[in-house]
>>> print(open('protein_0.txt').read())   # compact mmCIF, C-alpha atoms
# COMPACT_ATOMS: atom_id res chain seq x y z
CA MET A 1 11.48 10.97 -36.43
CA LYS A 2 13.61 8.21 -34.91
CA TYR A 3 13.79 10.04 -31.60
CA ASP A 4 10.01 10.54 -31.47
CA SER A 5 9.49 6.79 -31.65
CA LEU A 6 12.18 6.16 -29.07
CA VAL A 7 10.67 8.70 -26.67
CA PHE A 8 7.20 7.17 -27.17
CA LEU A 9 8.51 3.67 -26.43
CA LEU A 10 10.40 4.88 -23.39
CA ILE A 11 7.32 6.60 -21.96
CA PHE A 12 5.18 3.55 -22.76
CA PHE A 13 7.51 1.17 -20.91
CA ILE A 14 7.98 3.45 -17.91
CA THR A 15 4.29 4.10 -17.34
CA GLY A 16 3.21 0.56 -18.23
CA CYS A 17 5.69 -1.12 -15.90
CA GLY A 18 4.72 0.98 -12.91
CA LYS A 19 1.09 -0.06 -13.03
CA GLU A 20 1.96 -3.69 -13.63
CA ASP A 21 4.42 -3.73 -10.72
CA VAL A 22 1.72 -2.43 -8.34
CA GLN A 23 -0.68 -5.09 -9.61
CA LYS A 24 1.83 -7.92 -9.14
CA ALA A 25 3.09 -6.78 -5.77
CA ALA A 26 -0.19 -5.75 -4.22
CA GLY A 27 -2.25 -8.91 -4.49
CA PRO A 28 -6.04 -8.58 -4.40
CA ASP A 29 -7.70 -6.03 -6.69
CA CYS A 30 -9.06 -4.09 -3.72
CA ILE A 31 -5.52 -3.53 -2.40
CA VAL A 32 -4.44 -2.28 -5.84
CA GLU A 33 -7.44 0.08 -5.79
CA LYS A 34 -6.47 1.25 -2.29
CA ILE A 35 -2.90 1.94 -3.46
CA ASN A 36 -4.14 3.79 -6.53
CA SER A 37 -6.40 5.87 -4.30
CA ILE A 38 -3.45 6.77 -2.05
CA ARG A 39 -1.43 7.71 -5.14
CA LYS A 40 -4.08 10.30 -5.98
CA ASP A 41 -3.60 11.96 -2.56
CA PRO A 42 -0.83 14.45 -1.89
CA VAL A 43 2.32 12.70 -0.69
CA TRP A 44 2.01 11.54 2.91
CA ASN A 45 4.62 12.34 5.52
CA PRO A 46 5.95 9.79 6.32
CA PRO A 47 5.48 8.16 2.88
CA ALA A 48 2.54 5.77 2.50
CA LYS A 49 3.28 2.06 2.83
CA VAL A 50 1.26 -1.11 2.61
CA PHE A 51 2.43 -4.30 4.34
CA SER A 52 0.98 -7.79 4.30
CA TYR A 53 1.10 -10.10 7.30
CA THR A 54 -0.35 -13.34 8.51
CA TYR A 55 -2.58 -12.61 11.49
CA ASN A 56 -4.88 -15.12 13.16
CA GLY A 57 -4.30 -17.55 10.29
CA THR A 58 -5.25 -15.17 7.46
CA ILE A 59 -3.48 -12.68 5.23
CA VAL A 60 -4.10 -9.08 6.24
CA TYR A 61 -2.94 -5.73 4.93
CA TYR A 62 -1.64 -3.02 7.22
CA ILE A 63 -1.41 0.67 6.31
CA PRO A 64 0.55 2.52 9.03
CA PRO A 65 -0.70 5.83 10.41
CA ARG A 66 0.30 8.66 8.10
CA CYS A 67 0.54 11.47 10.59
CA CYS A 68 -0.43 12.81 13.93
CA ASP A 69 -3.91 11.68 14.94
CA ILE A 70 -4.73 9.63 11.84
CA PRO A 71 -5.20 5.93 12.73
CA SER A 72 -3.65 3.01 10.88
CA GLU A 73 -5.77 0.56 8.90
CA LEU A 74 -5.81 -3.22 9.10
CA LEU A 75 -7.75 -4.80 6.25
CA ASP A 76 -8.62 -8.37 5.37
CA GLU A 77 -7.89 -9.72 1.88
CA ASN A 78 -11.20 -8.26 0.65
CA CYS A 79 -10.33 -4.82 2.09
CA ASN A 80 -12.89 -5.11 4.85
CA PRO A 81 -11.64 -3.04 7.80
CA LEU A 82 -10.70 -5.15 10.80
CA CYS A 83 -9.32 -2.50 13.15
CA SER A 84 -6.85 0.33 13.65
CA PRO A 85 -3.93 -1.23 15.54
CA ASP A 86 -2.23 2.11 16.24
CA GLY A 87 -2.38 5.83 15.62
CA GLY A 88 -5.41 8.01 16.25
CA PRO A 89 -5.82 10.60 19.00
CA GLY A 90 -4.24 8.51 21.77
CA GLY A 91 -1.79 6.67 19.53
CA GLY A 92 -3.10 3.26 20.54
CA GLY A 93 -5.55 2.66 17.72
CA ASP A 94 -9.17 1.68 18.28
CA GLY A 95 -8.47 -1.20 20.70
CA LYS A 96 -10.21 -3.81 18.50
CA CYS A 97 -7.05 -5.82 17.82
CA PRO A 98 -4.66 -5.17 20.73
CA ASP A 99 -2.64 -8.32 19.94
CA PHE A 100 -1.87 -7.48 16.31
CA PHE A 101 1.74 -6.42 16.84
CA GLU A 102 2.51 -9.50 18.96
CA LYS A 103 0.73 -12.08 16.78
CA ARG A 104 1.54 -10.84 13.27
CA SER A 105 4.08 -12.77 11.18
CA ASN A 106 5.39 -13.07 7.62
CA GLU A 107 5.86 -9.34 7.06
CA LYS A 108 6.08 -8.27 3.42
CA LEU A 109 6.35 -4.73 2.14
CA VAL A 110 3.73 -4.68 -0.59
CA TRP A 111 4.15 -1.07 -1.69
CA ILE A 112 5.82 2.18 -0.70
CA ASP A 113 5.02 5.56 -2.19
CA GLU A 114 8.30 6.77 -3.65
CA ARG A 115 6.99 10.12 -4.81
CA LYS A 116 8.73 13.14 -3.36
>>> encode(input="protein_0.txt", output="structure tokens")
Amino acid sequence: MKYDSLVFLLIFFITGCGKEDVQKAAGPDCIVEKINSIRKDPVWNPPAKVFSYTYNGTIVYYIPPRCCDIPSELLDENCNPLCSPDGGPGGGGDGKCPDFFEKRSNEKLVWIDERK
């Protein structure tokens, strides 16, 4: 009986902390939703990551390309798509923000998918 309670508490803390950590680290609700959506996908290769940067005076969120011809995503703080800085068929993104890599600053790793 003692062990059942201990196991329940352990599971509760492990699962509860994971969700809370994503919420705290990720920022806006839409970024948390984006992360949760990625977590429902099969594991990406390379692993999924979300970074935040300052770009043109605002906070943006960058999701690197996950493979091959899949473009990256650059989102504003409301998850509106701004551009694809890289990736895609030619590797150079969609060309809508060619200065992103030169002008970005304040890099922060918001989340990395640690599933295997």
>>> closest_residue(input="protein_0.txt", among="A:Lys49, A:Gly88, A:Gly57, A:Lys103", to="Ile70 in chain A", atoms="all atoms listed in the file")
A:Gly88
>>> residues_near_point(input="protein_0.txt", point="(2.7, -1.4, 4.2)", cutoff="6 Å", atoms="all atoms listed in the file", output="ChimeraX atom specification")
/A:49-51,62-63,109-110
>>> closest_residue(input="protein_0.txt", among="A:Asp86, A:Pro81, A:Lys96, A:Asn36", to="Tyr61 in chain A", atoms="only C-alpha atoms")
A:Pro81
>>> residues_around(input="protein_0.txt", residues="Asp69 in chain A", least_positions_apart="5", cutoff="10 Å", atoms="all atoms listed in the file", output="ChimeraX atom specification")
/A:86-91,93
>>> residues_around(input="protein_0.txt", residues="Phe101 in chain A", least_positions_apart="3", cutoff="12 Å", atoms="only C-alpha atoms", output="CSV table (one decimal) with C-alpha atoms, in the frame of the given file")
chain,number,residue,atom,x,y,z
A,53,TYR,CA,1.1,-10.1,7.3
A,54,THR,CA,-0.4,-13.3,8.5
A,55,TYR,CA,-2.6,-12.6,11.5
A,56,ASN,CA,-4.9,-15.1,13.2
A,62,TYR,CA,-1.6,-3.0,7.2
A,64,PRO,CA,0.6,2.5,9.0
A,74,LEU,CA,-5.8,-3.2,9.1
A,84,SER,CA,-6.8,0.3,13.6
A,85,PRO,CA,-3.9,-1.2,15.5
A,86,ASP,CA,-2.2,2.1,16.2
A,92,GLY,CA,-3.1,3.3,20.5
A,93,GLY,CA,-5.6,2.7,17.7
A,97,CYS,CA,-7.0,-5.8,17.8
A,98,PRO,CA,-4.7,-5.2,20.7
A,104,ARG,CA,1.5,-10.8,13.3
A,105,SER,CA,4.1,-12.8,11.2
A,106,ASN,CA,5.4,-13.1,7.6
A,107,GLU,CA,5.9,-9.3,7.1
>>> atom_distance(input="protein_0.txt", atom1="CA of Glu102 in chain A", atom2="CA of Ile38 in chain A")
27.2 Å
>>> decode(input="protein_0.txt", residues="range 26-42 of chain A", atoms="all heavy atoms", output="PDB file, in the first residue's frame")
ATOM      1  N   ALA A  26       8.401  28.330 -22.521  1.00  0.00           N
ATOM      2  CA  ALA A  26       7.984  28.627 -23.876  1.00  0.00           C
ATOM      3  C   ALA A  26       7.453  30.033 -24.075  1.00  0.00           C
ATOM      4  O   ALA A  26       7.561  30.568 -25.162  1.00  0.00           O
ATOM      5  CB  ALA A  26       6.942  27.611 -24.330  1.00  0.00           C
ATOM      6  N   GLY A  27       6.879  30.635 -23.068  1.00  0.00           N
ATOM      7  CA  GLY A  27       6.338  31.972 -23.258  1.00  0.00           C
ATOM      8  C   GLY A  27       4.875  31.960 -23.646  1.00  0.00           C
ATOM      9  O   GLY A  27       4.061  31.351 -22.971  1.00  0.00           O
ATOM     10  N   PRO A  28       4.529  32.615 -24.760  1.00  0.00           N
ATOM     11  CA  PRO A  28       3.122  32.754 -25.141  1.00  0.00           C
ATOM     12  C   PRO A  28       2.423  31.400 -25.305  1.00  0.00           C
ATOM     13  O   PRO A  28       3.046  30.403 -25.678  1.00  0.00           O
ATOM     14  CB  PRO A  28       3.173  33.478 -26.483  1.00  0.00           C
ATOM     15  CG  PRO A  28       4.518  34.097 -26.555  1.00  0.00           C
ATOM     16  CD  PRO A  28       5.419  33.244 -25.729  1.00  0.00           C
ATOM     17  N   ASP A  29       1.115  31.406 -25.021  1.00  0.00           N
ATOM     18  CA  ASP A  29       0.324  30.177 -25.116  1.00  0.00           C
ATOM     19  C   ASP A  29       0.434  29.518 -26.483  1.00  0.00           C
ATOM     20  O   ASP A  29       0.479  28.302 -26.591  1.00  0.00           O
ATOM     21  CB  ASP A  29      -1.157  30.458 -24.818  1.00  0.00           C
ATOM     22  CG  ASP A  29      -1.397  30.777 -23.354  1.00  0.00           C
ATOM     23  OD1 ASP A  29      -0.527  30.473 -22.514  1.00  0.00           O
ATOM     24  OD2 ASP A  29      -2.475  31.327 -23.049  1.00  0.00           O
ATOM     25  N   CYS A  30       0.491  30.327 -27.537  1.00  0.00           N
ATOM     26  CA  CYS A  30       0.537  29.733 -28.879  1.00  0.00           C
ATOM     27  C   CYS A  30       1.836  28.970 -29.103  1.00  0.00           C
ATOM     28  O   CYS A  30       1.853  27.962 -29.814  1.00  0.00           O
ATOM     29  CB  CYS A  30       0.316  30.786 -29.954  1.00  0.00           C
ATOM     30  SG  CYS A  30       1.608  32.040 -30.062  1.00  0.00           S
ATOM     31  N   ILE A  31       2.935  29.390 -28.478  1.00  0.00           N
ATOM     32  CA  ILE A  31       4.192  28.667 -28.598  1.00  0.00           C
ATOM     33  C   ILE A  31       4.095  27.352 -27.825  1.00  0.00           C
ATOM     34  O   ILE A  31       4.564  26.309 -28.294  1.00  0.00           O
ATOM     35  CB  ILE A  31       5.387  29.524 -28.118  1.00  0.00           C
ATOM     36  CG1 ILE A  31       5.559  30.753 -29.012  1.00  0.00           C
ATOM     37  CG2 ILE A  31       6.669  28.709 -28.052  1.00  0.00           C
ATOM     38  CD1 ILE A  31       5.832  30.447 -30.482  1.00  0.00           C
ATOM     39  N   VAL A  32       3.469  27.380 -26.662  1.00  0.00           N
ATOM     40  CA  VAL A  32       3.240  26.145 -25.900  1.00  0.00           C
ATOM     41  C   VAL A  32       2.396  25.181 -26.726  1.00  0.00           C
ATOM     42  O   VAL A  32       2.698  23.986 -26.805  1.00  0.00           O
ATOM     43  CB  VAL A  32       2.561  26.441 -24.544  1.00  0.00           C
ATOM     44  CG1 VAL A  32       2.177  25.152 -23.833  1.00  0.00           C
ATOM     45  CG2 VAL A  32       3.473  27.279 -23.671  1.00  0.00           C
ATOM     46  N   GLU A  33       1.358  25.697 -27.382  1.00  0.00           N
ATOM     47  CA  GLU A  33       0.519  24.850 -28.240  1.00  0.00           C
ATOM     48  C   GLU A  33       1.338  24.280 -29.398  1.00  0.00           C
ATOM     49  O   GLU A  33       1.185  23.115 -29.767  1.00  0.00           O
ATOM     50  CB  GLU A  33      -0.663  25.644 -28.774  1.00  0.00           C
ATOM     51  CG  GLU A  33      -1.688  25.982 -27.718  1.00  0.00           C
ATOM     52  CD  GLU A  33      -2.754  26.943 -28.208  1.00  0.00           C
ATOM     53  OE1 GLU A  33      -2.930  27.091 -29.437  1.00  0.00           O
ATOM     54  OE2 GLU A  33      -3.408  27.569 -27.351  1.00  0.00           O
ATOM     55  N   LYS A  34       2.203  25.087 -29.980  1.00  0.00           N
ATOM     56  CA  LYS A  34       3.062  24.630 -31.082  1.00  0.00           C
ATOM     57  C   LYS A  34       3.974  23.500 -30.602  1.00  0.00           C
ATOM     58  O   LYS A  34       4.132  22.477 -31.271  1.00  0.00           O
ATOM     59  CB  LYS A  34       3.882  25.815 -31.607  1.00  0.00           C
ATOM     60  CG  LYS A  34       4.674  25.526 -32.810  1.00  0.00           C
ATOM     61  CD  LYS A  34       3.795  25.569 -34.032  1.00  0.00           C
ATOM     62  CE  LYS A  34       4.615  25.538 -35.287  1.00  0.00           C
ATOM     63  NZ  LYS A  34       3.809  25.288 -36.467  1.00  0.00           N
ATOM     64  N   ILE A  35       4.575  23.669 -29.429  1.00  0.00           N
ATOM     65  CA  ILE A  35       5.445  22.643 -28.856  1.00  0.00           C
ATOM     66  C   ILE A  35       4.655  21.367 -28.589  1.00  0.00           C
ATOM     67  O   ILE A  35       5.090  20.265 -28.924  1.00  0.00           O
ATOM     68  CB  ILE A  35       6.134  23.156 -27.575  1.00  0.00           C
ATOM     69  CG1 ILE A  35       7.165  24.228 -27.939  1.00  0.00           C
ATOM     70  CG2 ILE A  35       6.762  22.010 -26.786  1.00  0.00           C
ATOM     71  CD1 ILE A  35       7.713  25.000 -26.769  1.00  0.00           C
ATOM     72  N   ASN A  36       3.477  21.518 -28.005  1.00  0.00           N
ATOM     73  CA  ASN A  36       2.653  20.337 -27.730  1.00  0.00           C
ATOM     74  C   ASN A  36       2.252  19.629 -29.017  1.00  0.00           C
ATOM     75  O   ASN A  36       2.155  18.402 -29.055  1.00  0.00           O
ATOM     76  CB  ASN A  36       1.432  20.707 -26.889  1.00  0.00           C
ATOM     77  CG  ASN A  36       1.814  21.042 -25.455  1.00  0.00           C
ATOM     78  OD1 ASN A  36       2.801  20.532 -24.937  1.00  0.00           O
ATOM     79  ND2 ASN A  36       1.039  21.893 -24.823  1.00  0.00           N
ATOM     80  N   SER A  37       2.027  20.377 -30.071  1.00  0.00           N
ATOM     81  CA  SER A  37       1.711  19.782 -31.363  1.00  0.00           C
ATOM     82  C   SER A  37       2.909  18.986 -31.896  1.00  0.00           C
ATOM     83  O   SER A  37       2.755  17.871 -32.400  1.00  0.00           O
ATOM     84  CB  SER A  37       1.318  20.875 -32.353  1.00  0.00           C
ATOM     85  OG  SER A  37       1.129  20.349 -33.635  1.00  0.00           O
ATOM     86  N   ILE A  38       4.102  19.555 -31.782  1.00  0.00           N
ATOM     87  CA  ILE A  38       5.314  18.862 -32.219  1.00  0.00           C
ATOM     88  C   ILE A  38       5.510  17.582 -31.411  1.00  0.00           C
ATOM     89  O   ILE A  38       5.908  16.552 -31.944  1.00  0.00           O
ATOM     90  CB  ILE A  38       6.550  19.783 -32.105  1.00  0.00           C
ATOM     91  CG1 ILE A  38       6.454  20.947 -33.093  1.00  0.00           C
ATOM     92  CG2 ILE A  38       7.839  19.003 -32.327  1.00  0.00           C
ATOM     93  CD1 ILE A  38       7.489  22.038 -32.880  1.00  0.00           C
ATOM     94  N   ARG A  39       5.204  17.644 -30.122  1.00  0.00           N
ATOM     95  CA  ARG A  39       5.371  16.473 -29.253  1.00  0.00           C
ATOM     96  C   ARG A  39       4.443  15.330 -29.643  1.00  0.00           C
ATOM     97  O   ARG A  39       4.697  14.181 -29.292  1.00  0.00           O
ATOM     98  CB  ARG A  39       5.139  16.867 -27.799  1.00  0.00           C
ATOM     99  CG  ARG A  39       6.248  17.774 -27.270  1.00  0.00           C
ATOM    100  CD  ARG A  39       5.932  18.339 -25.937  1.00  0.00           C
ATOM    101  NE  ARG A  39       6.101  17.314 -24.906  1.00  0.00           N
ATOM    102  CZ  ARG A  39       5.979  17.547 -23.622  1.00  0.00           C
ATOM    103  NH1 ARG A  39       5.693  18.753 -23.200  1.00  0.00           N
ATOM    104  NH2 ARG A  39       6.159  16.593 -22.753  1.00  0.00           N
ATOM    105  N   LYS A  40       3.388  15.637 -30.363  1.00  0.00           N
ATOM    106  CA  LYS A  40       2.467  14.587 -30.833  1.00  0.00           C
ATOM    107  C   LYS A  40       2.977  13.920 -32.103  1.00  0.00           C
ATOM    108  O   LYS A  40       2.537  12.844 -32.455  1.00  0.00           O
ATOM    109  CB  LYS A  40       1.078  15.173 -31.071  1.00  0.00           C
ATOM    110  CG  LYS A  40       0.383  15.587 -29.794  1.00  0.00           C
ATOM    111  CD  LYS A  40      -0.954  16.233 -30.083  1.00  0.00           C
ATOM    112  CE  LYS A  40      -1.569  16.761 -28.796  1.00  0.00           C
ATOM    113  NZ  LYS A  40      -2.804  17.506 -29.054  1.00  0.00           N
ATOM    114  N   ASP A  41       3.908  14.593 -32.811  1.00  0.00           N
ATOM    115  CA  ASP A  41       4.513  14.039 -34.026  1.00  0.00           C
ATOM    116  C   ASP A  41       5.520  12.954 -33.648  1.00  0.00           C
ATOM    117  O   ASP A  41       6.036  12.950 -32.529  1.00  0.00           O
ATOM    118  CB  ASP A  41       5.285  15.121 -34.794  1.00  0.00           C
ATOM    119  CG  ASP A  41       4.406  16.150 -35.458  1.00  0.00           C
ATOM    120  OD1 ASP A  41       3.191  15.922 -35.563  1.00  0.00           O
ATOM    121  OD2 ASP A  41       4.950  17.202 -35.864  1.00  0.00           O
ATOM    122  N   PRO A  42       5.854  12.097 -34.602  1.00  0.00           N
ATOM    123  CA  PRO A  42       7.014  11.225 -34.367  1.00  0.00           C
ATOM    124  C   PRO A  42       8.251  12.100 -34.151  1.00  0.00           C
ATOM    125  O   PRO A  42       8.292  13.254 -34.598  1.00  0.00           O
ATOM    126  CB  PRO A  42       7.133  10.424 -35.665  1.00  0.00           C
ATOM    127  CG  PRO A  42       5.782  10.498 -36.293  1.00  0.00           C
ATOM    128  CD  PRO A  42       5.200  11.818 -35.877  1.00  0.00           C
TER     129      PRO A  42
END
